[in-house]
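Printed here is start-v9.cif (mmCIF, C-alpha atoms):
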```cif
data_input
loop_
_atom_site.label_atom_id
_atom_site.label_comp_id
_atom_site.auth_asym_id
_atom_site.auth_seq_id
_atom_site.Cartn_x
_atom_site.Cartn_y
_atom_site.Cartn_z
CA MET A 71 102.19 106.86 81.22
CA SER A 72 104.03 105.59 78.18
CA ARG A 73 107.49 104.07 78.06
CA ALA A 74 110.33 106.53 77.48
CA THR A 75 112.20 104.38 74.95
CA GLU A 76 111.31 101.47 72.74
CA PRO A 77 112.89 98.14 73.76
CA ARG A 78 115.78 96.93 71.61
CA GLY A 79 114.83 93.26 71.88
CA PRO A 80 113.09 90.68 74.09
CA LEU A 81 115.75 90.77 76.83
CA HIS A 82 115.77 94.56 76.91
CA ARG A 83 111.96 94.52 77.07
CA ARG A 84 111.99 92.19 80.09
CA LEU A 85 114.61 94.27 81.87
CA GLN A 86 112.70 97.44 81.06
CA GLU A 87 109.46 95.98 82.42
CA ARG A 88 111.18 94.80 85.63
CA TYR A 89 112.77 98.19 86.19
CA ARG A 90 109.50 99.95 85.44
CA ALA A 91 107.64 97.74 87.92
CA HIS A 92 110.31 98.50 90.54
CA ARG A 93 109.90 102.24 90.05
CA ILE A 94 106.09 102.06 90.08
CA ARG A 95 106.26 100.01 93.27
CA ARG A 96 108.49 102.61 94.90
CA PHE A 97 105.98 105.27 93.87
CA LEU A 98 102.93 103.36 95.14
CA ALA A 99 104.24 101.71 98.30
CA PRO A 100 103.72 104.79 100.54
CA VAL A 101 100.03 105.12 99.61
CA ALA A 102 98.73 101.62 98.77
CA GLY A 103 98.38 99.23 101.69
CA ARG A 104 97.81 95.50 101.96
CA GLY A 105 94.14 94.56 101.97
CA GLU A 106 93.02 97.99 100.75
CA LEU A 107 90.90 98.61 97.66
CA ALA A 108 92.57 100.50 94.79
CA PHE A 109 91.13 101.86 91.54
CA ASP A 110 93.40 101.80 88.47
CA VAL A 111 91.60 104.18 86.11
CA GLY A 112 93.15 104.09 82.67
CA ALA A 113 94.68 100.71 83.42
CA ASN A 114 95.89 100.05 79.86
CA VAL A 115 97.41 96.52 80.02
CA GLY A 116 97.55 96.35 83.80
CA GLU A 117 101.10 97.34 84.73
CA TRP A 118 100.01 99.48 87.66
CA SER A 119 97.37 96.94 88.63
CA ALA A 120 100.09 94.28 88.83
CA VAL A 121 102.15 96.42 91.19
CA LEU A 122 99.12 97.21 93.31
CA ARG A 123 98.44 93.47 93.60
CA SER A 124 102.07 92.86 94.58
CA LEU A 125 101.50 95.32 97.42
CA GLY A 126 98.49 93.28 98.56
CA CYS A 127 95.72 95.57 97.28
CA ARG A 128 92.43 94.50 95.81
CA VAL A 129 92.17 96.19 92.42
CA VAL A 130 89.46 97.48 90.13
CA ALA A 131 91.13 97.99 86.74
CA VAL A 132 89.13 100.34 84.49
CA GLU A 133 90.04 100.51 80.79
CA PRO A 134 87.93 101.25 77.67
CA GLN A 135 90.07 99.57 74.97
CA ALA A 136 88.99 96.00 74.27
CA GLU A 137 92.47 94.73 73.38
CA CYS A 138 93.90 96.12 76.61
CA VAL A 139 91.07 94.61 78.66
CA ALA A 140 91.79 91.23 77.07
CA GLU A 141 95.45 91.56 78.11
CA ILE A 142 94.47 92.47 81.68
CA GLN A 143 92.20 89.46 81.88
CA ARG A 144 94.93 87.22 80.49
CA ARG A 145 97.45 88.69 82.88
CA PHE A 146 95.44 88.12 86.03
CA GLY A 147 93.62 84.95 85.05
CA GLY A 148 91.49 83.72 87.94
CA ASP A 149 92.73 86.27 90.48
CA ARG A 150 89.56 87.18 92.36
CA ALA A 151 91.25 90.24 93.83
CA VAL A 152 91.29 91.92 90.40
CA THR A 153 88.07 93.15 88.81
CA THR A 154 88.14 94.45 85.24
CA VAL A 155 85.71 97.11 84.04
CA GLN A 156 85.71 97.84 80.30
CA ALA A 157 84.76 101.52 80.26
CA ALA A 158 86.07 105.06 80.19
CA VAL A 159 85.57 107.27 83.24
CA ALA A 160 83.95 110.71 83.02
CA ASP A 161 81.20 112.79 84.63
CA TRP A 162 78.34 110.96 82.92
CA ILE A 163 77.13 107.41 82.50
CA GLY A 164 76.45 106.02 79.05
CA SER A 165 78.80 106.15 76.09
CA GLY A 166 81.46 108.40 74.60
CA GLN A 167 83.95 108.77 71.76
CA LEU A 168 87.51 107.55 72.31
CA ARG A 169 90.25 108.32 69.77
CA PRO A 170 92.86 105.52 69.62
CA SER A 171 96.37 106.29 68.44
CA THR A 172 98.77 104.61 66.04
CA THR A 173 101.69 105.39 68.38
CA SER A 174 100.60 103.47 71.48
CA SER A 175 97.49 102.22 73.24
CA THR A 176 98.57 104.43 76.16
CA HIS A 177 97.84 107.55 74.05
CA ALA A 178 94.16 106.83 73.38
CA SER A 179 92.14 109.79 74.61
CA MET A 180 88.69 111.31 74.90
CA SER A 181 90.17 114.80 75.31
CA ALA A 182 90.11 116.99 72.20
CA ASP A 183 92.28 119.54 74.05
CA TRP A 184 94.98 116.96 74.73
CA ARG A 185 94.97 115.67 71.16
CA ARG A 186 95.11 119.20 69.73
CA THR A 187 97.93 120.27 72.05
CA ALA A 188 99.95 117.09 71.52
CA THR A 189 99.76 117.56 67.76
CA LYS A 190 100.42 121.31 67.81
CA LYS A 191 103.49 120.94 70.03
CA GLY A 192 104.87 118.10 67.92
CA TYR A 193 104.62 115.46 70.63
CA MET A 194 102.33 113.41 68.40
CA PRO A 195 102.24 113.27 64.58
CA PRO A 196 99.06 114.67 62.98
CA GLU A 197 98.25 111.29 61.44
CA ALA A 198 98.46 109.52 64.83
CA TRP A 199 94.76 109.75 65.67
CA LEU A 200 92.51 107.00 64.37
CA GLU A 201 88.78 107.27 63.82
CA PRO A 202 86.82 107.50 67.08
CA ILE A 203 85.31 104.41 68.62
CA GLU A 204 82.29 104.35 70.87
CA VAL A 205 83.02 103.12 74.38
CA GLY A 206 81.02 102.69 77.54
CA VAL A 207 81.38 105.44 80.15
CA VAL A 208 81.02 105.21 83.92
CA THR A 209 81.68 107.62 86.80
CA LEU A 210 83.84 107.22 89.86
CA ASP A 211 80.65 107.43 91.91
CA SER A 212 79.13 104.50 90.01
CA LEU A 213 82.31 102.47 90.44
CA ILE A 214 82.28 103.16 94.18
CA GLU A 215 78.62 102.20 94.42
CA ARG A 216 79.34 98.86 92.75
CA HIS A 217 82.80 97.95 94.06
CA GLY A 218 83.31 99.92 97.27
CA ARG A 219 85.26 103.01 98.27
CA PRO A 220 88.96 102.81 97.40
CA SER A 221 91.71 103.98 99.69
CA TYR A 222 93.76 104.82 96.62
CA CYS A 223 92.80 105.87 93.08
CA LYS A 224 95.12 106.40 90.12
CA ILE A 225 93.73 108.32 87.12
CA ASP A 226 95.70 108.34 83.86
CA VAL A 227 93.32 109.18 81.02
CA GLU A 228 95.31 111.45 78.70
CA GLY A 229 93.89 114.88 79.45
CA PHE A 230 90.43 113.73 80.55
CA GLU A 231 91.29 113.80 84.27
CA PRO A 232 89.04 116.82 85.06
CA GLN A 233 85.99 115.05 83.65
CA ALA A 234 86.85 111.91 85.62
CA LEU A 235 87.12 113.86 88.88
CA ARG A 236 83.86 115.68 88.21
CA GLY A 237 82.19 112.27 88.47
CA LEU A 238 83.29 111.96 92.12
CA SER A 239 80.95 113.34 94.79
CA ASP A 240 82.81 112.49 98.01
CA PRO A 241 86.52 112.78 98.83
CA LEU A 242 88.90 109.84 98.69
CA ALA A 243 91.92 109.49 100.95
CA GLY A 244 94.42 109.40 98.11
CA ILE A 245 94.32 110.18 94.39
CA ASP A 246 97.14 110.31 91.85
CA PHE A 247 96.27 111.93 88.52
CA GLU A 248 98.34 112.47 85.40
CA PHE A 249 99.18 115.98 84.24
CA HIS A 250 100.69 117.57 81.15
CA ARG A 251 102.50 120.87 81.60
CA GLU A 252 100.84 122.34 78.50
CA LEU A 253 97.35 121.56 79.82
CA ALA A 254 97.43 124.13 82.60
CA GLU A 255 93.65 124.53 82.72
CA ALA A 256 93.22 120.80 83.26
CA VAL A 257 95.54 120.93 86.27
CA GLU A 258 93.64 123.88 87.70
CA GLU A 259 90.31 122.13 87.16
CA CYS A 260 91.51 118.95 88.87
CA VAL A 261 92.83 120.82 91.91
CA ALA A 262 89.70 122.96 92.12
CA ARG A 263 87.46 119.91 91.96
CA LEU A 264 89.38 118.14 94.70
CA GLY A 265 89.23 121.35 96.74
CA ASP A 266 85.43 121.27 96.46
CA LEU A 267 85.49 117.78 97.95
CA GLY A 268 87.97 118.19 100.81
CA ASP A 269 91.24 119.57 102.11
CA TYR A 270 94.14 118.04 100.17
CA ARG A 271 97.89 118.49 100.02
CA TYR A 272 99.79 117.79 96.83
CA ARG A 273 103.11 116.53 95.50
CA VAL A 274 104.29 116.75 91.89
CA PHE A 275 106.13 113.83 90.27
CA VAL A 276 107.61 114.19 86.80
CA GLY A 277 108.63 111.92 83.97
CA GLU A 278 108.31 108.31 82.99
CA TRP A 279 109.66 107.08 86.33
CA ALA A 280 107.72 109.52 88.53
CA ASP A 281 110.51 111.42 90.28
CA GLU A 282 109.35 113.91 92.90
CA CYS A 283 109.81 117.58 92.06
CA GLY A 284 109.79 119.71 95.22
CA GLY A 285 107.89 119.00 98.41
CA GLU A 286 104.35 119.17 99.72
CA LEU A 287 102.16 121.88 98.23
CA ALA A 288 98.91 123.55 99.16
CA ALA A 289 96.26 123.59 96.46
CA GLY A 290 96.94 127.15 95.38
CA ALA A 291 100.61 126.42 94.72
CA VAL A 292 100.10 123.47 92.37
CA PRO A 293 99.37 125.31 89.09
CA GLY A 294 102.38 127.58 89.61
CA ALA A 295 104.66 124.64 90.35
CA VAL A 296 103.56 122.89 87.15
CA ALA A 297 103.99 126.12 85.14
CA THR A 298 107.69 126.31 86.12
CA LEU A 299 108.39 122.94 84.48
CA GLY A 300 109.91 122.76 81.01
CA PRO A 301 107.98 122.25 77.76
CA GLY A 302 106.68 118.74 77.25
CA ILE A 303 107.00 117.75 80.91
CA TRP A 304 104.32 115.46 82.23
CA GLY A 305 103.89 113.20 85.24
CA MET A 306 101.61 112.55 88.19
CA ILE A 307 100.17 114.81 90.86
CA ARG A 308 99.57 113.14 94.19
CA ALA A 309 96.67 114.40 96.28
CA ARG A 310 96.42 113.24 99.91
CA ARG A 311 93.48 114.29 102.06
CA LEU A 312 94.29 115.83 105.42
#
```
Structure rendered as C-alpha cells:
Amino acid sequence: MSRATEPRGPLHRRLQERYRAHRIRRFLAPVAGRGELAFDVGANVGEWSAVLRSLGCRVVAVEPQAECVAEIQRRFGGDRAVTTVQAAVADWIGSGQLRPSTTSSTHASMSADWRRTATKKGYMPPEAWLEPIEVGVVTLDSLIERHGRPSYCKIDVEGFEPQALRGLSDPLAGIDFEFHRELAEAVEECVARLGDLGDYRYRVFVGEWADECGGELAAGAVPGAVATLGPGIWGMIRARRL
C-alpha cells in the first residue's frame, strides 16, 4: 500500500508514519499473535514488518528491490527475529522481470495486467514504468520449507497476488492480500485458489488505512462485494480459515 498524501515536511512525515503504524497495528492485532511466525510478502521498506515485530511476531520480510532490502536490514539491524529474503514471490522458483516505477518503490510490479490497467485508468502516468530488472523468485512453499509455516501472511505485490498464491500448496490460518477493484479477475483467482486449499471466510478492507467495508463473507460473495466499490478503490482482503 502506498501513502495517500505526500508529507509536507520532516515533522509531518514523522506524524504520518506514527499514525500509519497505529492504523496498521489496529489492522494486524486481531490476527498476529506474540511468538507467532508472520510472512510480510512485498515488504517494501519494512513498515508492516515493524508493526508485526511490535506485536511480538517473528517475521520473514520478502522484497525483491535491493534498495528496499537495504532499508529493511538497516531498520532491524541485529534483530534475530527478522529474516530478510531478497526475492519476488510467484508460482515458480528462479528469476523474473520486475518493473520499477518512478512514482514510488511501492508501485513496482511483475503484473502486466496491473501496469496496463493503472495506466489506462489514469492512476499512473504512462512514463512511470522503468525498464524491467531481473529479480530472484521464490514460492510460498519454498519459504515455508526454509523458514517454517506462518500463522499469518500478508501479500502486497501489485496485482501479482494470484501468482503468489498459486505457489502455496497447503492452507495457512490467515492471509491478507491486496486487491484493486479494476482487477476483478485477480480477486476471483485469489479466492478460487484459497478455496482449493481450504474453507475460508473473508473480510474486505478499503483504502490507505484499511477500513472494513461490510462484514464476514463467504467465498462466493467476495467478487460481488469488490465489484460494488467505486472506481480506483483498492485495499486488503482478509482470509481466515475455518
Please evaluate the PyMOL selection byres ((chain A and resi 232) around 12) against the structure above and give the resulting residues as an mmCIF file with C-alpha atoms, in the coordinates of the input.
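Below is the file expr_35.cif, written as the result:
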```cif
data_model
loop_
_atom_site.group_PDB
_atom_site.id
_atom_site.type_symbol
_atom_site.label_atom_id
_atom_site.label_comp_id
_atom_site.auth_asym_id
_atom_site.auth_seq_id
_atom_site.Cartn_x
_atom_site.Cartn_y
_atom_site.Cartn_z
ATOM 1 C CA VAL A 159 85.570 107.270 83.240
ATOM 2 C CA ALA A 160 83.950 110.710 83.020
ATOM 3 C CA ASP A 161 81.200 112.790 84.630
ATOM 4 C CA MET A 180 88.690 111.310 74.900
ATOM 5 C CA SER A 181 90.170 114.800 75.310
ATOM 6 C CA ASP A 183 92.280 119.540 74.050
ATOM 7 C CA TRP A 184 94.980 116.960 74.730
ATOM 8 C CA THR A 209 81.680 107.620 86.800
ATOM 9 C CA LEU A 210 83.840 107.220 89.860
ATOM 10 C CA ILE A 225 93.730 108.320 87.120
ATOM 11 C CA ASP A 226 95.700 108.340 83.860
ATOM 12 C CA VAL A 227 93.320 109.180 81.020
ATOM 13 C CA GLU A 228 95.310 111.450 78.700
ATOM 14 C CA GLY A 229 93.890 114.880 79.450
ATOM 15 C CA PHE A 230 90.430 113.730 80.550
ATOM 16 C CA GLU A 231 91.290 113.800 84.270
ATOM 17 C CA GLN A 233 85.990 115.050 83.650
ATOM 18 C CA ALA A 234 86.850 111.910 85.620
ATOM 19 C CA LEU A 235 87.120 113.860 88.880
ATOM 20 C CA ARG A 236 83.860 115.680 88.210
ATOM 21 C CA GLY A 237 82.190 112.270 88.470
ATOM 22 C CA LEU A 238 83.290 111.960 92.120
ATOM 23 C CA PHE A 247 96.270 111.930 88.520
ATOM 24 C CA GLU A 248 98.340 112.470 85.400
ATOM 25 C CA PHE A 249 99.180 115.980 84.240
ATOM 26 C CA LEU A 253 97.350 121.560 79.820
ATOM 27 C CA ALA A 254 97.430 124.130 82.600
ATOM 28 C CA GLU A 255 93.650 124.530 82.720
ATOM 29 C CA ALA A 256 93.220 120.800 83.260
ATOM 30 C CA VAL A 257 95.540 120.930 86.270
ATOM 31 C CA GLU A 258 93.640 123.880 87.700
ATOM 32 C CA GLU A 259 90.310 122.130 87.160
ATOM 33 C CA CYS A 260 91.510 118.950 88.870
ATOM 34 C CA VAL A 261 92.830 120.820 91.910
ATOM 35 C CA ALA A 262 89.700 122.960 92.120
ATOM 36 C CA ARG A 263 87.460 119.910 91.960
ATOM 37 C CA LEU A 264 89.380 118.140 94.700
#
```
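Against the coordinates shown, the PyMOL selection byres ((chain A and resi 273-284) around 8) returns Met71, Ser72, Arg73, Ala74, Arg90, Arg93, Ile94, Phe97, Arg271, Tyr272, Gly285, Glu286, Leu287, Val292, Val296, Ile303, Trp304, Gly305, Met306, Ile307, Arg308 and Ala309 of chain A.
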The PyMOL selection byres ((chain A and resi 113-115) around 6) on the file shown: which residues, as a VMD selection string?
chain A and resid 110 to 112 116 131 to 133 138 141 to 142
Pro241 of chain A: which residues within 12 Å, counting all atoms listed in the file, same-chain residues fewer than 4 positions away excluded, as a PyMOL selection string?
chain A and resi 210-211+214+219-223+235-237+245+263-270+309-312
If we count all atoms listed in the file, what is near Ala188 of chain A at a cut-off of 12 Å, once residues fewer than 3 positions away on the same chain are taken out, given as a PyMOL selection string?
chain A and resi 171+177-179+181-185+191-199+228-229+250-253+301-304
Could you turn the residues from that selection into a file that holds C-alpha atoms, as a tab-separated table (two decimals), in the frame of the given file?
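Contents of again.tsv, freshly written:
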```
chain	number	residue	atom	x	y	z
A	171	SER	CA	96.37	106.29	68.44
A	177	HIS	CA	97.84	107.55	74.05
A	178	ALA	CA	94.16	106.83	73.38
A	179	SER	CA	92.14	109.79	74.61
A	181	SER	CA	90.17	114.80	75.31
A	182	ALA	CA	90.11	116.99	72.20
A	183	ASP	CA	92.28	119.54	74.05
A	184	TRP	CA	94.98	116.96	74.73
A	185	ARG	CA	94.97	115.67	71.16
A	191	LYS	CA	103.49	120.94	70.03
A	192	GLY	CA	104.87	118.10	67.92
A	193	TYR	CA	104.62	115.46	70.63
A	194	MET	CA	102.33	113.41	68.40
A	195	PRO	CA	102.24	113.27	64.58
A	196	PRO	CA	99.06	114.67	62.98
A	197	GLU	CA	98.25	111.29	61.44
A	198	ALA	CA	98.46	109.52	64.83
A	199	TRP	CA	94.76	109.75	65.67
A	228	GLU	CA	95.31	111.45	78.70
A	229	GLY	CA	93.89	114.88	79.45
A	250	HIS	CA	100.69	117.57	81.15
A	251	ARG	CA	102.50	120.87	81.60
A	252	GLU	CA	100.84	122.34	78.50
A	253	LEU	CA	97.35	121.56	79.82
A	301	PRO	CA	107.98	122.25	77.76
A	302	GLY	CA	106.68	118.74	77.25
A	303	ILE	CA	107.00	117.75	80.91
A	304	TRP	CA	104.32	115.46	82.23
```
